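Colleague: Take this structure, written in structure tokens, and hold onto it; I'll ask about it next.
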Amino acid sequence: MKLLLTGAFHYNKEQLNTLKETAGEIIYIKEERLPLTIEVSDIETVVCNNLFLYNDIQKFTNLKFIQLTSAGYDKIPLEYIKSQNILIENAKGVYSAPMAEWVILMILQIYKKSRTFYSLQNNHQWIKQHDVLELSGKTAVIVGLGNVGKEVAKRLNAFNIHIIGTDITYVHSETIHEFYPMEEVDMALEKADILILTLPLTKETYHFINEDRINRLKNNCLLVNVSRGSVIDESSLVKALQNEKFIGAALDVFEEEPLPTDSPLWEMDNVIITPHNSYESDNVRERLYELIYSNLLNYIQNKKHINVNQSKRRYKYCIVTTMSSSIENWIKPFFKLYYDNNFDITIVCNMTEEYINYMHNEYPNIKTVNISIPRGIHFLKSIKALYHLYLLFVREDYDLVQYSTPNASFYSAIASYLAKIKVRLYCQWGMVFVTMKGWKRFLFQLIERTTCLLSTQIQPDSYGNLMYCRKNRFYSIRKSHVIWNGSAKGVDLNKYDINKKTIYQREILNRFKIDDGYIILGFVGRLGMEKGCNELFQAFKILERKHYKVKLLFVGPLEKENTIKPSLLRWFYQNDNIIKTDRVTDVEKYMAAMDIFILPSYREGFGMSVVEAQAMEIPVIVTDIPGPVNGMIPNVTGLTIPVRDVKALVYATEELINDELKRKLFGQLGREFVKSHFDHEIFAKKLIRNRLNLMKGCKKL
């Protein structure tokens, strides 16, 4: 095997010898920017940074693996690499620590007026400065919650700063206090005392900070950029700095590098400039080499394993949903597992260019296809989506097409059937028709039956829905199956860490200034009639009238306001005893603060929040419908009530409010139930075994 190394990393003699022993023949070129004069058609692996900006990758006809020395993918032809199934790894995590430390240093330099003190020292002057600032109580907004953003947040927490994170996809992090999706980023920017940019450069993030967004920022905001220079419109920044909009700016990256000597930024007292140096440290080279060696070794060992065991095939696996949020919540946790088990994944859904670039950067081995799949009933858009799905399935000839969510499933089932896809897997994660009446119920039930009929395998996420559909002849026993004990992904018990329950609980109670002695009733989900919110609010009103010392922690987006009774909706917004959080990334912390979890839903595929609440030893109250009742044990880990029954909900809640011992016992038994039935790690093994079994007899790529 031939390995090409470039001067993007300075290897010592020992490192070169180790790589030679591992890879075989090594070719070293120092300068990436010069045209290559050597034959490259037989090179299989490359470690580089800018090489393919200056040399045609298509000449590397035998290329199988690329290791980048940079964290970004903006200097390589990523689409070509993916089309050729070339494996690629970046330097993810290598530079995060020094870059985060640089950010902290810059904030302190400006807040504590270090440059002023340096000048005074040089002039032998003893002059006190009374306008220095402290970080405690300030709000920092971090745009881009990759490794660098998370490391910055981790360090900022020590300063008692309120941290808001933003990203194009929901990111779980215990170190941030609020999260805003990128479409709501302007709302976050308006709160920033300190704005920190750690986002990648893409078409969408080019000049992300422009004149309009600068105007949205508070006066005397501090700007720190450690990402790419072109995420800021530099001319607008210069103008704002000259007008003293910012208290200061710390810049490590620029639109043009090196920064031209005539740039006005050089002369500004409120600007700190470093020459794209934030990623350097005494530990970086060792970390980078260890990553290069580890990834190269993994590639070689995996290659040998495949050569020895020809039964390990790679399969083309397409996953279709309506919205990218479904990919984030239910599919993304298994990307690495799928890839490691010889599945080449393509995801299909409505996705923005930002989301496509995010996937390219974070998961370069995952292919993305943007197809506009309508929500609700829309005849022309539905026909168009069906047509594009059919063309995709015929062209790619997937071994397996998986689909979930109502519209995506219906169109994909038809298109994959017409395209003669061998395995058509319907992940039945809920049925919308069950709460409908009249012609709508008839129509959506017909759609559900058609989807099931055209699928070769149906996998509901609860035994309740499985038995309902078998009994009503939506599908047969032979073609239906539930993975382990149900759910779409199981529960990550490391995230729902019971050892941190008291810490999380105290954090939430302090954040919302909740005094001791209150019973916290909890709900996790979107606002809406089908989630039982009308009944939940009515029950809470009754409990308040009975003078119970209660608060309602309502965790989730406020989306379907039109389905809530107007008088209840007004009361909901005006009631100070109802804490409304909107979307959160650290739901486990909020659940830890609850005394009783309530899900009075009309329909659920499974009711994942029920299991997650029990993972934090919270007793549950759920409606006795398929899904939620399969994720708990009635009268052992919680109580069940009929659908739409306010009196029953009040009675069940009172029973648990008045019996602390029962709450504690239910909670402990709930945690044990979740550990034995819904552990994510066990679920993942059973899921991949199922997918490999589905592939038996499929053709090799």
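To be explicit about the labels: the chains of the structure tokens are called A, B, and onward in the order shown, and within each one the residues are counted from 1, while ligands get numbers from 1 in the order they are shown.
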Mind checking which residues fall within 12 Å of A:Arg473, counting only C-alpha atoms, ignoring those fewer than 4 positions away in the same chain, and posting them as a ChimeraX atom specification?

Modeller: /A:445,448-450,452-453,465-469,477,479-480

Colleague: Tell me, as a PDB file with C-alpha atoms, in the first residue's frame, which residues lie within 6 Å of A:Leu217, counting only C-alpha atoms; anything in the same chain fewer than 3 positions away does not count.

Modeller:
ATOM      1  CA  LEU A 189     -27.847  37.651  18.994  1.00  0.00           C
ATOM      2  CA  GLU A 190     -29.971  40.366  20.585  1.00  0.00           C
ATOM      3  CA  ILE A 214     -24.334  43.931  13.764  1.00  0.00           C
TER       4      ILE A 214
END

Colleague: Just the strand (DSSP E) stuff from stretch 54-232 of chain A, please, per backbone DSSP, written as a ChimeraX atom specification.

Modeller: /A:65-68,87-89,139-143,162-167,178-181,194-197,221-225

Colleague: Give the answer as one residue: which of A:Ala188, A:Ala240, A:Met591, A:Ile598 has the shortest atom-to-atom distance to A:Asp212, using only C-alpha atoms?

Modeller: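 For A:Asp212, the nearest of the candidates is A:Ala240.
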
Colleague: Atom CA of A:Arg115 to atom CA of A:Phe246: how many Å, to one decimal?

Modeller: 16.3 Å

Colleague: Any idea what's packed within 9 Å of stretch 555-571 of chain A, counting only C-alpha atoms, ignoring anything in its chain fewer than 3 positions away? Could you give it as a list in words?

Modeller: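 Residues meeting the cut-off are Gly522, Phe523, Val524, Gly525, Arg526, Leu527, Gly528, Met529, Glu530, Cys533, Asn534, Phe537, Gln538, Gln574, Asn575, Ile579, Lys580, Thr581, Asp582, Arg583, Val584, Val587 and Tyr590 of chain A.
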
Colleague: Would you mind listing what lies within 8 Å of stretch 692-696 of chain A as a VMD selection string, with only C-alpha atoms counted and same-chain residues fewer than 4 positions away left out?

Modeller: chain A and resid 315 399 to 400 423 688

Colleague: Show me, as number ranges by chain, the residues that have an atom within 9 Å of stretch 501-504 of chain A when counting only C-alpha atoms, minus same-chain residues fewer than 4 positions from it.

Modeller: A: 496-497, 508-509, 588-593, 616-617

Colleague: Which residues, written as a list in words, have at least one atom at most 10 Å from A:Met99, with only C-alpha atoms counted and residues fewer than 4 positions away on the same chain left out?

Modeller: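 The residues satisfying every condition are Val94, Tyr95, Val103, Ile104, Leu105, Val148, Gly149, Glu151, Val152, Thr198, Val226, Ser227, Asp252, Asn277, Ser278, Tyr279, Glu280 and Ser281 of chain A.
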
Colleague: Those residues you just picked out, can you put them in a file as a PDB file, in the first residue's frame with C-alpha atoms?

Modeller:
ATOM      1  CA  VAL A  94      -7.379  18.100  17.897  1.00  0.00           C
ATOM      2  CA  TYR A  95      -7.435  21.899  18.071  1.00  0.00           C
ATOM      3  CA  VAL A 103     -11.235  32.648  23.315  1.00  0.00           C
ATOM      4  CA  ILE A 104     -11.151  32.903  27.113  1.00  0.00           C
ATOM      5  CA  LEU A 105      -7.857  34.792  26.991  1.00  0.00           C
ATOM      6  CA  VAL A 148     -14.631  24.159  19.671  1.00  0.00           C
ATOM      7  CA  GLY A 149     -17.951  25.708  20.681  1.00  0.00           C
ATOM      8  CA  GLU A 151     -15.021  23.500  24.734  1.00  0.00           C
ATOM      9  CA  VAL A 152     -15.546  27.260  24.935  1.00  0.00           C
ATOM     10  CA  THR A 198     -17.094  28.981  16.054  1.00  0.00           C
ATOM     11  CA  VAL A 226     -12.101  31.914  15.900  1.00  0.00           C
ATOM     12  CA  SER A 227     -13.814  30.224  12.933  1.00  0.00           C
ATOM     13  CA  ASP A 252      -7.767  35.294  14.818  1.00  0.00           C
ATOM     14  CA  ASN A 277      -2.657  31.142  15.590  1.00  0.00           C
ATOM     15  CA  SER A 278      -5.345  30.125  18.085  1.00  0.00           C
ATOM     16  CA  TYR A 279      -5.091  26.418  17.261  1.00  0.00           C
ATOM     17  CA  GLU A 280      -1.403  26.128  18.194  1.00  0.00           C
ATOM     18  CA  SER A 281      -0.190  24.606  21.468  1.00  0.00           C
TER      19      SER A 281
END

Colleague: For stretch 323-386 of chain A versus stretch 62-72 of chain A, which residues have an atom no more than 12 Å away, and what is each residue's nearest atom pair and distance in Å rounded to one decimal, using only C-alpha atoms, chain-then-number order, as JSON lines?

Modeller:
{"residue": "A:Asn357", "atom": "CA", "partner": "A:Gly72", "partner_atom": "CA", "distance": 11.1}
{"residue": "A:Tyr358", "atom": "CA", "partner": "A:Gly72", "partner_atom": "CA", "distance": 10.9}
{"residue": "A:His360", "atom": "CA", "partner": "A:Gly72", "partner_atom": "CA", "distance": 10.1}
{"residue": "A:Asn361", "atom": "CA", "partner": "A:Gly72", "partner_atom": "CA", "distance": 6.9}
{"residue": "A:Glu362", "atom": "CA", "partner": "A:Gly72", "partner_atom": "CA", "distance": 9.3}
{"residue": "A:Tyr363", "atom": "CA", "partner": "A:Gly72", "partner_atom": "CA", "distance": 11.8}
{"residue": "A:Pro364", "atom": "CA", "partner": "A:Gly72", "partner_atom": "CA", "distance": 10.9}
{"residue": "A:Asn365", "atom": "CA", "partner": "A:Phe65", "partner_atom": "CA", "distance": 11.4}

Colleague: For those residues, write C-alpha atoms to a file as a short mmCIF file (atom, residue, chain, number, x, y, z; two decimals), in the first residue's frame.

Modeller:
data_model
loop_
_atom_site.label_atom_id
_atom_site.label_comp_id
_atom_site.auth_asym_id
_atom_site.auth_seq_id
_atom_site.Cartn_x
_atom_site.Cartn_y
_atom_site.Cartn_z
CA ASN A 357 -23.34 21.43 4.74
CA TYR A 358 -23.59 20.47 8.39
CA HIS A 360 -21.06 17.05 4.95
CA ASN A 361 -18.85 18.54 7.65
CA GLU A 362 -19.85 16.33 10.56
CA TYR A 363 -20.63 13.08 8.73
CA PRO A 364 -18.72 13.08 5.42
CA ASN A 365 -19.50 9.39 4.80
#

Colleague: Skipping near chain neighbours, those fewer than 2 positions away, what residues fall within 9 Å of A:Thr346 using only C-alpha atoms, listed as a list in words?

Modeller: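 Skipping anything fewer than 2 positions along the chain leaves Lys316, Tyr317, Cys318, Ile319, Val320, Asp344, Val348, Ile366, Lys367, Thr368 and Val369 of chain A.
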
Colleague: Rounded to one decimal place, report the atom CA of A:Asp492-atom CA of A:Glu681 distance in Å.

Modeller: 7.5 Å

Colleague: Calculated over only C-alpha atoms, which of the candidates A:Val611, A:Leu197, A:Ile625, A:Val46 has the smallest distance to A:Gly638?

Modeller: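 Nearest candidate to A:Gly638 out of A:Val611, A:Leu197, A:Ile625, A:Val46: A:Val611.
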
Colleague: Per residue of stretch 660-691 of chain A within 12 Å of stretch 456-464 of chain A, which atom pair is closest and at what distance in Å (one decimal), using only C-alpha atoms, listed by chain and increasing number, as JSON lines?

Modeller:
{"residue": "A:Phe678", "atom": "CA", "partner": "A:Asp461", "partner_atom": "CA", "distance": 11.7}
{"residue": "A:Phe683", "atom": "CA", "partner": "A:Asp461", "partner_atom": "CA", "distance": 11.9}
{"residue": "A:Leu687", "atom": "CA", "partner": "A:Gln459", "partner_atom": "CA", "distance": 10.9}
{"residue": "A:Asn690", "atom": "CA", "partner": "A:Gln459", "partner_atom": "CA", "distance": 10.6}
{"residue": "A:Arg691", "atom": "CA", "partner": "A:Gln457", "partner_atom": "CA", "distance": 10.9}

Colleague: Here is a test: counting only C-alpha atoms, which residue of A:Val271, A:Gln129, A:Asn85, A:Cys48 is nearest to A:Gln109?

Modeller: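 When distances to A:Gln109 are compared using only C-alpha atoms, the smallest one comes from A:Val271.
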
Colleague: For atom CA of A:Lys112 and atom CA of A:Leu223, quote the distance in Å rounded to one decimal.

Modeller: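 These atoms are spaced 15.1 Å apart.
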